[in-house]
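Chemist: What follows is run_0.pdb; its format and atoms are PDB, C-alpha atoms, pLDDT in the B column.
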ATOM      1  CA  MET A   1      88.624 109.800 111.061  1.00 90.00           C
ATOM      2  CA  ARG A   2      85.959 111.102 113.422  1.00 93.00           C
ATOM      3  CA  ILE A   3      82.995 109.124 114.763  1.00 96.00           C
ATOM      4  CA  LEU A   4      80.210 110.770 116.733  1.00 96.00           C
ATOM      5  CA  LEU A   5      78.066 108.804 119.223  1.00 97.00           C
ATOM      6  CA  MET A   6      74.605 110.355 119.425  1.00 97.00           C
ATOM      7  CA  GLY A   7      71.358 109.379 121.082  1.00 97.00           C
ATOM      8  CA  ASN A   8      68.739 110.281 123.641  1.00 96.00           C
ATOM      9  CA  PRO A   9      69.821 110.727 127.264  1.00 93.00           C
ATOM     10  CA  ASN A  10      70.292 107.542 129.277  1.00 92.00           C
ATOM     11  CA  VAL A  11      70.542 105.082 126.345  1.00 96.00           C
ATOM     12  CA  GLY A  12      74.080 103.893 127.106  1.00 94.00           C
ATOM     13  CA  LYS A  13      76.211 106.081 124.832  1.00 93.00           C
ATOM     14  CA  SER A  14      78.893 106.461 127.495  1.00 90.00           C
ATOM     15  CA  VAL A  15      79.044 102.688 128.058  1.00 93.00           C
ATOM     16  CA  ILE A  16      79.456 102.142 124.296  1.00 95.00           C
ATOM     17  CA  PHE A  17      82.158 104.862 124.361  1.00 94.00           C
ATOM     18  CA  ASN A  18      83.909 103.004 127.219  1.00 92.00           C
ATOM     19  CA  ARG A  19      83.756  99.720 125.286  1.00 94.00           C
ATOM     20  CA  LEU A  20      85.103 101.225 122.059  1.00 95.00           C
ATOM     21  CA  THR A  21      87.871 103.385 123.545  1.00 92.00           C
ATOM     22  CA  GLY A  22      88.810 101.597 126.760  1.00 88.00           C
ATOM     23  CA  ILE A  23      88.413 104.909 128.599  1.00 78.00           C
ATOM     24  CA  LYS A  24      86.424 104.611 131.794  1.00 64.00           C
ATOM     25  CA  VAL A  25      83.987 107.428 132.405  1.00 57.00           C
ATOM     26  CA  ILE A  26      81.636 107.840 135.327  1.00 50.00           C
ATOM     27  CA  ILE A  27      78.153 106.829 134.263  1.00 48.00           C
ATOM     28  CA  SER A  28      75.104 108.015 136.175  1.00 45.00           C
ATOM     29  CA  ASN A  29      71.599 106.638 135.939  1.00 43.00           C
ATOM     30  CA  TYR A  30      69.773 109.860 135.233  1.00 43.00           C
ATOM     31  CA  PRO A  31      69.198 111.785 132.004  1.00 49.00           C
ATOM     32  CA  GLY A  32      71.396 114.719 131.115  1.00 49.00           C
ATOM     33  CA  THR A  33      74.496 113.435 132.919  1.00 50.00           C
ATOM     34  CA  THR A  34      76.845 114.251 130.053  1.00 51.00           C
ATOM     35  CA  ILE A  35      76.580 117.957 129.209  1.00 64.00           C
ATOM     36  CA  GLU A  36      80.205 118.233 128.172  1.00 71.00           C
ATOM     37  CA  PHE A  37      81.362 115.848 125.487  1.00 79.00           C
ATOM     38  CA  LEU A  38      83.890 113.064 125.916  1.00 82.00           C
ATOM     39  CA  GLU A  39      86.604 112.387 123.373  1.00 86.00           C
ATOM     40  CA  GLY A  40      88.708 109.275 122.983  1.00 89.00           C
ATOM     41  CA  SER A  41      90.187 107.147 120.267  1.00 90.00           C
ATOM     42  CA  MET A  42      90.347 103.576 119.093  1.00 91.00           C
ATOM     43  CA  MET A  43      92.373 101.683 116.539  1.00 89.00           C
ATOM     44  CA  LEU A  44      90.416 100.597 113.467  1.00 88.00           C
ATOM     45  CA  ASP A  45      92.254  98.701 110.757  1.00 84.00           C
ATOM     46  CA  GLY A  46      95.557 100.065 112.073  1.00 87.00           C
ATOM     47  CA  LYS A  47      94.374 103.680 112.037  1.00 87.00           C
ATOM     48  CA  ARG A  48      93.677 105.850 115.077  1.00 90.00           C
ATOM     49  CA  THR A  49      90.054 106.965 114.954  1.00 93.00           C
ATOM     50  CA  LYS A  50      88.592 109.728 117.121  1.00 92.00           C
ATOM     51  CA  ILE A  51      85.382 108.840 118.987  1.00 94.00           C
ATOM     52  CA  ILE A  52      83.203 111.587 120.477  1.00 92.00           C
ATOM     53  CA  ASP A  53      80.450 110.872 123.016  1.00 92.00           C
ATOM     54  CA  ALA A  54      77.966 113.702 122.485  1.00 91.00           C
ATOM     55  CA  PRO A  55      75.553 114.773 125.220  1.00 90.00           C
ATOM     56  CA  GLY A  56      72.123 113.169 125.077  1.00 92.00           C
ATOM     57  CA  ALA A  57      69.700 114.798 122.657  1.00 94.00           C
ATOM     58  CA  TYR A  58      66.101 114.145 121.689  1.00 96.00           C
ATOM     59  CA  SER A  59      66.258 116.348 118.601  1.00 96.00           C
ATOM     60  CA  LEU A  60      68.609 118.235 116.297  1.00 96.00           C
ATOM     61  CA  ILE A  61      66.542 121.329 117.050  1.00 95.00           C
ATOM     62  CA  PRO A  62      68.102 122.243 120.418  1.00 93.00           C
ATOM     63  CA  SER A  63      65.820 122.913 123.375  1.00 92.00           C
ATOM     64  CA  ASP A  64      68.510 122.804 126.085  1.00 90.00           C
ATOM     65  CA  LYS A  65      72.270 123.171 126.572  1.00 88.00           C
ATOM     66  CA  ALA A  66      72.981 119.445 126.086  1.00 85.00           C
ATOM     67  CA  GLU A  67      71.245 119.444 122.698  1.00 90.00           C
ATOM     68  CA  GLU A  68      73.082 122.645 121.700  1.00 90.00           C
ATOM     69  CA  VAL A  69      76.424 120.967 122.438  1.00 88.00           C
ATOM     70  CA  ALA A  70      75.418 117.794 120.558  1.00 89.00           C
ATOM     71  CA  VAL A  71      74.339 119.718 117.441  1.00 92.00           C
ATOM     72  CA  GLU A  72      77.472 121.882 117.569  1.00 89.00           C
ATOM     73  CA  LEU A  73      79.645 118.744 117.680  1.00 88.00           C
ATOM     74  CA  LEU A  74      77.800 117.382 114.669  1.00 89.00           C
ATOM     75  CA  MET A  75      78.242 120.525 112.601  1.00 88.00           C
ATOM     76  CA  LYS A  76      81.560 122.067 113.707  1.00 85.00           C
ATOM     77  CA  GLU A  77      84.012 119.678 112.063  1.00 80.00           C
ATOM     78  CA  LYS A  78      84.008 116.840 109.568  1.00 88.00           C
ATOM     79  CA  THR A  79      82.113 113.802 110.807  1.00 93.00           C
ATOM     80  CA  ASP A  80      82.921 110.538 109.044  1.00 95.00           C
ATOM     81  CA  LEU A  81      80.289 108.407 110.781  1.00 97.00           C
ATOM     82  CA  ILE A  82      77.452 108.737 113.281  1.00 98.00           C
ATOM     83  CA  ILE A  83      76.585 105.893 115.622  1.00 98.00           C
ATOM     84  CA  ASN A  84      73.057 106.472 116.872  1.00 99.00           C
ATOM     85  CA  VAL A  85      72.647 104.580 120.156  1.00 99.00           C
ATOM     86  CA  LEU A  86      69.032 103.624 120.869  1.00 98.00           C
ATOM     87  CA  ASP A  87      67.336 102.117 123.904  1.00 98.00           C
ATOM     88  CA  ALA A  88      65.787  98.905 122.563  1.00 98.00           C
ATOM     89  CA  THR A  89      63.059  99.118 125.220  1.00 97.00           C
ATOM     90  CA  ASN A  90      61.785 102.486 123.996  1.00 96.00           C
ATOM     91  CA  LEU A  91      62.191 102.739 120.231  1.00 95.00           C
ATOM     92  CA  GLU A  92      59.287 105.115 119.698  1.00 94.00           C
ATOM     93  CA  ARG A  93      60.920 107.827 121.827  1.00 94.00           C
ATOM     94  CA  ASN A  94      64.323 107.251 120.196  1.00 96.00           C
ATOM     95  CA  PHE A  95      63.188 107.281 116.551  1.00 97.00           C
ATOM     96  CA  TYR A  96      62.561 111.043 116.381  1.00 97.00           C
ATOM     97  CA  LEU A  97      66.306 111.741 116.566  1.00 98.00           C
ATOM     98  CA  THR A  98      67.101 108.692 114.410  1.00 98.00           C
ATOM     99  CA  LEU A  99      64.924 109.954 111.561  1.00 97.00           C
ATOM    100  CA  GLN A 100      66.564 113.384 111.768  1.00 97.00           C
ATOM    101  CA  LEU A 101      70.047 111.826 111.680  1.00 97.00           C
ATOM    102  CA  ARG A 102      68.995 109.614 108.752  1.00 96.00           C
ATOM    103  CA  GLU A 103      68.390 112.754 106.662  1.00 95.00           C
ATOM    104  CA  LEU A 104      71.949 114.073 107.155  1.00 95.00           C
ATOM    105  CA  PRO A 105      74.745 113.455 104.637  1.00 94.00           C
ATOM    106  CA  PHE A 106      76.758 111.262 107.020  1.00 94.00           C
ATOM    107  CA  PRO A 107      77.014 107.468 107.135  1.00 96.00           C
ATOM    108  CA  LEU A 108      74.883 106.142 110.002  1.00 98.00           C
ATOM    109  CA  ILE A 109      74.926 102.990 112.122  1.00 98.00           C
ATOM    110  CA  ILE A 110      72.207 102.196 114.661  1.00 99.00           C
ATOM    111  CA  ASP A 111      73.370 100.548 117.894  1.00 99.00           C
ATOM    112  CA  LEU A 112      70.292  98.959 119.439  1.00 98.00           C
ATOM    113  CA  ASN A 113      71.463  98.895 123.058  1.00 98.00           C
ATOM    114  CA  MET A 114      69.784  97.104 125.971  1.00 98.00           C
ATOM    115  CA  ILE A 115      68.499  94.374 123.659  1.00 98.00           C
ATOM    116  CA  ASP A 116      68.612  91.953 126.611  1.00 98.00           C
ATOM    117  CA  VAL A 117      66.197  94.092 128.615  1.00 98.00           C
ATOM    118  CA  ALA A 118      63.898  94.410 125.597  1.00 98.00           C
ATOM    119  CA  ARG A 119      63.854  90.624 125.152  1.00 97.00           C
ATOM    120  CA  SER A 120      63.188  90.054 128.860  1.00 98.00           C
ATOM    121  CA  ARG A 121      60.154  92.349 128.552  1.00 98.00           C
ATOM    122  CA  GLY A 122      58.845  90.387 125.583  1.00 97.00           C
ATOM    123  CA  ILE A 123      59.768  93.068 123.050  1.00 97.00           C
ATOM    124  CA  ASP A 124      60.622  91.353 119.763  1.00 96.00           C
ATOM    125  CA  ILE A 125      62.465  93.597 117.302  1.00 97.00           C
ATOM    126  CA  ASP A 126      62.757  92.472 113.691  1.00 98.00           C
ATOM    127  CA  ILE A 127      66.277  93.760 113.078  1.00 97.00           C
ATOM    128  CA  PRO A 128      66.481  92.831 109.355  1.00 97.00           C
ATOM    129  CA  ALA A 129      63.173  94.648 108.744  1.00 97.00           C
ATOM    130  CA  LEU A 130      64.437  97.667 110.686  1.00 97.00           C
ATOM    131  CA  GLU A 131      67.638  97.701 108.605  1.00 96.00           C
ATOM    132  CA  LYS A 132      65.625  97.477 105.403  1.00 96.00           C
ATOM    133  CA  THR A 133      63.264 100.272 106.451  1.00 96.00           C
ATOM    134  CA  LEU A 134      65.978 102.655 107.687  1.00 95.00           C
ATOM    135  CA  GLU A 135      68.524 101.541 105.060  1.00 95.00           C
ATOM    136  CA  VAL A 136      71.328 101.512 107.644  1.00 97.00           C
ATOM    137  CA  PRO A 137      73.062  98.768 109.642  1.00 98.00           C
ATOM    138  CA  VAL A 138      71.373  97.965 112.969  1.00 98.00           C
ATOM    139  CA  ILE A 139      73.542  96.270 115.585  1.00 98.00           C
ATOM    140  CA  PRO A 140      71.873  94.773 118.683  1.00 98.00           C
ATOM    141  CA  SER A 141      74.011  95.189 121.784  1.00 98.00           C
ATOM    142  CA  VAL A 142      74.243  94.918 125.533  1.00 98.00           C
ATOM    143  CA  ALA A 143      76.854  97.561 126.299  1.00 96.00           C
ATOM    144  CA  VAL A 144      77.252  96.670 129.983  1.00 95.00           C
ATOM    145  CA  SER A 145      78.311  93.097 129.110  1.00 97.00           C
ATOM    146  CA  GLY A 146      80.054  93.878 125.825  1.00 96.00           C
ATOM    147  CA  GLU A 147      77.636  91.798 123.728  1.00 97.00           C
ATOM    148  CA  GLY A 148      77.557  93.113 120.161  1.00 98.00           C
ATOM    149  CA  ILE A 149      80.606  95.376 120.503  1.00 97.00           C
ATOM    150  CA  GLN A 150      82.854  93.315 118.203  1.00 96.00           C
ATOM    151  CA  ARG A 151      80.099  93.261 115.587  1.00 97.00           C
ATOM    152  CA  LEU A 152      79.754  97.033 116.001  1.00 97.00           C
ATOM    153  CA  ARG A 153      83.524  97.435 115.423  1.00 95.00           C
ATOM    154  CA  ARG A 154      83.356  95.313 112.255  1.00 95.00           C
ATOM    155  CA  THR A 155      80.372  97.309 111.018  1.00 96.00           C
ATOM    156  CA  ILE A 156      82.188 100.591 111.707  1.00 96.00           C
ATOM    157  CA  ILE A 157      85.174  99.386 109.661  1.00 94.00           C
ATOM    158  CA  GLY A 158      82.947  98.212 106.809  1.00 94.00           C
ATOM    159  CA  THR A 159      80.900 101.405 106.776  1.00 95.00           C
ATOM    160  CA  LEU A 160      84.002 103.614 106.773  1.00 92.00           C
ATOM    161  CA  LYS A 161      85.357 101.542 103.858  1.00 90.00           C
ATOM    162  CA  GLY A 162      82.141 102.243 101.970  1.00 87.00           C
ATOM    163  CA  ASP A 163      80.500  98.831 102.301  1.00 81.00           C
ATOM    164  CA  LYS A 164      76.809  99.044 101.496  1.00 72.00           C
ATOM    165  CA  LEU A 165      74.111  97.534 103.692  1.00 66.00           C
ATOM    166  CA  GLU A 166      72.960  95.231 100.899  1.00 58.00           C
ATOM    167  CA  ASP A 167      76.525  93.837 100.679  1.00 55.00           C
ATOM    168  CA  ARG A 168      76.252  92.669 104.308  1.00 51.00           C
ATOM    169  CA  ILE A 169      72.876  90.953 104.059  1.00 45.00           C
TER
END
Taking this structure as input, can you express it in the form of structure tokens?
Modeler:
Amino acid sequence: MRILLMGNPNVGKSVIFNRLTGIKVIISNYPGTTIEFLEGSMMLDGKRTKIIDAPGAYSLIPSDKAEEVAVELLMKEKTDLIINVLDATNLERNFYLTLQLRELPFPLIIDLNMIDVARSRGIDIDIPALEKTLEVPVIPSVAVSGEGIQRLRRTIIGTLKGDKLEDRI
């Protein structure tokens, strides 16, 4: 099994990667930090699953080296699942990539990271409505504290088993 973490730069993909794999990577607070990709694994339902942290990308039409690497990772070998990590404080910027990923023939989960910051700024996100509109699971999370990570793991397992979104609601 192979899971690809994708998202815009600086949305917390590497922190999610750390939480899922237990591998500690150096995380910097500026966009474009991860040009190379990171690879790790986690146990899901007793099976070792490969997790890849792709470089940040705004689009599947590459305009820089980071996006080229991200698209190459997506296309070069079989991908069983994409986890699209979004910054809950800036959905408009993040949705361009999300809508492109939604059109691909891969199962997709949205990890809505930094939900705590969004709430503190008065941003109210209707997660069930977002799930219904995008027709994919949307998991709110706070990667730095681990909030939402167990739910993300359960959703990964269910999605890989073929569970449908409407079965979860």
Chemist: Which residues of stretch 120-153 of chain A come within 8 Å of stretch 9-23 of chain A, and what is each one's closest atom pair and distance in Å (one decimal), counting all atoms listed in the file, sorted by chain and residue number, as CSV?
Modeler:
residue,atom,partner,partner_atom,distance
A:Ala143,CA,A:Ile16,CA,5.6
A:Val144,CA,A:Val15,CA,6.6
A:Gly146,CA,A:Arg19,CA,6.9
A:Ile149,CA,A:Arg19,CA,7.2
A:Arg153,CA,A:Leu20,CA,7.8
Chemist: On this structure, which residues satisfy the PyMOL selection byres ((chain A and resi 91) around 12), written as a list in words?
Modeler: Gly7, Asn8, Val11, Asn84, Val85, Leu86, Asp87, Ala88, Thr89, Asn90, Glu92, Arg93, Asn94, Phe95, Tyr96, Leu97, Thr98, Leu99, Ile110, Asp111, Leu112, Asn113, Met114, Ile115, Ala118, Ile123, Asp124, Ile125 and Leu130 of chain A
Chemist: Mind checking which residues fall within 6 Å of stretch 42-59 of chain A, counting only C-alpha atoms, ignoring those fewer than 3 positions away in the same chain, and posting them as a PyMOL selection string?
Modeler: chain A and resi 1-9+21+34-35+37-39+66-67+70+97
Chemist: Output C-alpha atoms for every residue in the selection just made, as a compact mmCIF listing (two decimals), keeping the file's coordinate frame.
Modeler:
# COMPACT_ATOMS: atom_id res chain seq x y z
CA MET A 1 88.62 109.80 111.06
CA ARG A 2 85.96 111.10 113.42
CA ILE A 3 83.00 109.12 114.76
CA LEU A 4 80.21 110.77 116.73
CA LEU A 5 78.07 108.80 119.22
CA MET A 6 74.60 110.36 119.42
CA GLY A 7 71.36 109.38 121.08
CA ASN A 8 68.74 110.28 123.64
CA PRO A 9 69.82 110.73 127.26
CA THR A 21 87.87 103.38 123.54
CA THR A 34 76.84 114.25 130.05
CA ILE A 35 76.58 117.96 129.21
CA PHE A 37 81.36 115.85 125.49
CA LEU A 38 83.89 113.06 125.92
CA GLU A 39 86.60 112.39 123.37
CA ALA A 66 72.98 119.44 126.09
CA GLU A 67 71.24 119.44 122.70
CA ALA A 70 75.42 117.79 120.56
CA LEU A 97 66.31 111.74 116.57
Chemist: Just to confirm, what's the straight-line distance from atom CA of A:Gly40 to atom CA of A:Gln150 in Å (one decimal)?
Modeler: 17.7 Å
Chemist: Find the distance between atom CA of A:Glu147 and atom CA of A:Arg119 and write it in Å to one decimal.
Modeler: 13.9 Å
Chemist: What does the distance from atom CA of A:Ile139 to atom CA of A:Arg121 come to in Å, to one decimal?
Modeler: 19.0 Å
Chemist: On this file, the PyMOL selection byres ((chain A and resi 156-163) around 9) gives some set of residues; write that set as a list in words.
Modeler: Met1, Leu44, Asp45, Asp80, Leu81, Ile83, Pro107, Leu108, Ile109, Pro137, Arg151, Leu152, Arg153, Arg154, Thr155, Lys164, Leu165, Glu166, Asp167 and Arg168 of chain A
Chemist: Just checking: using only C-alpha atoms, which residue out of A:Thr79, A:Gln100, A:Ser41, A:Ser141 ends up closest to A:Ile61?
Modeler: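 Nearest candidate to A:Ile61 out of A:Thr79, A:Gln100, A:Ser41, A:Ser141: A:Gln100.
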Chemist: Draw an axis-aligned box tight on the listed atoms of stretch 1-7 of chain A, then pad every side by 4 Å and write out centre and edge lengths in Å to one decimal as JSON.
Modeler:
{"center_x": 80.0, "center_y": 110.0, "center_z": 116.1, "size_x": 25.3, "size_y": 10.3, "size_z": 18.0}
Chemist: Kindly indicate which residue among A:Leu101, A:Leu74, A:Val117, A:Val69 lies nearest to A:Leu134, using only C-alpha atoms for the distances.
Modeler: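 Going through A:Leu101, A:Leu74, A:Val117, A:Val69 one by one, the smallest distance to A:Leu134 is for A:Leu101.
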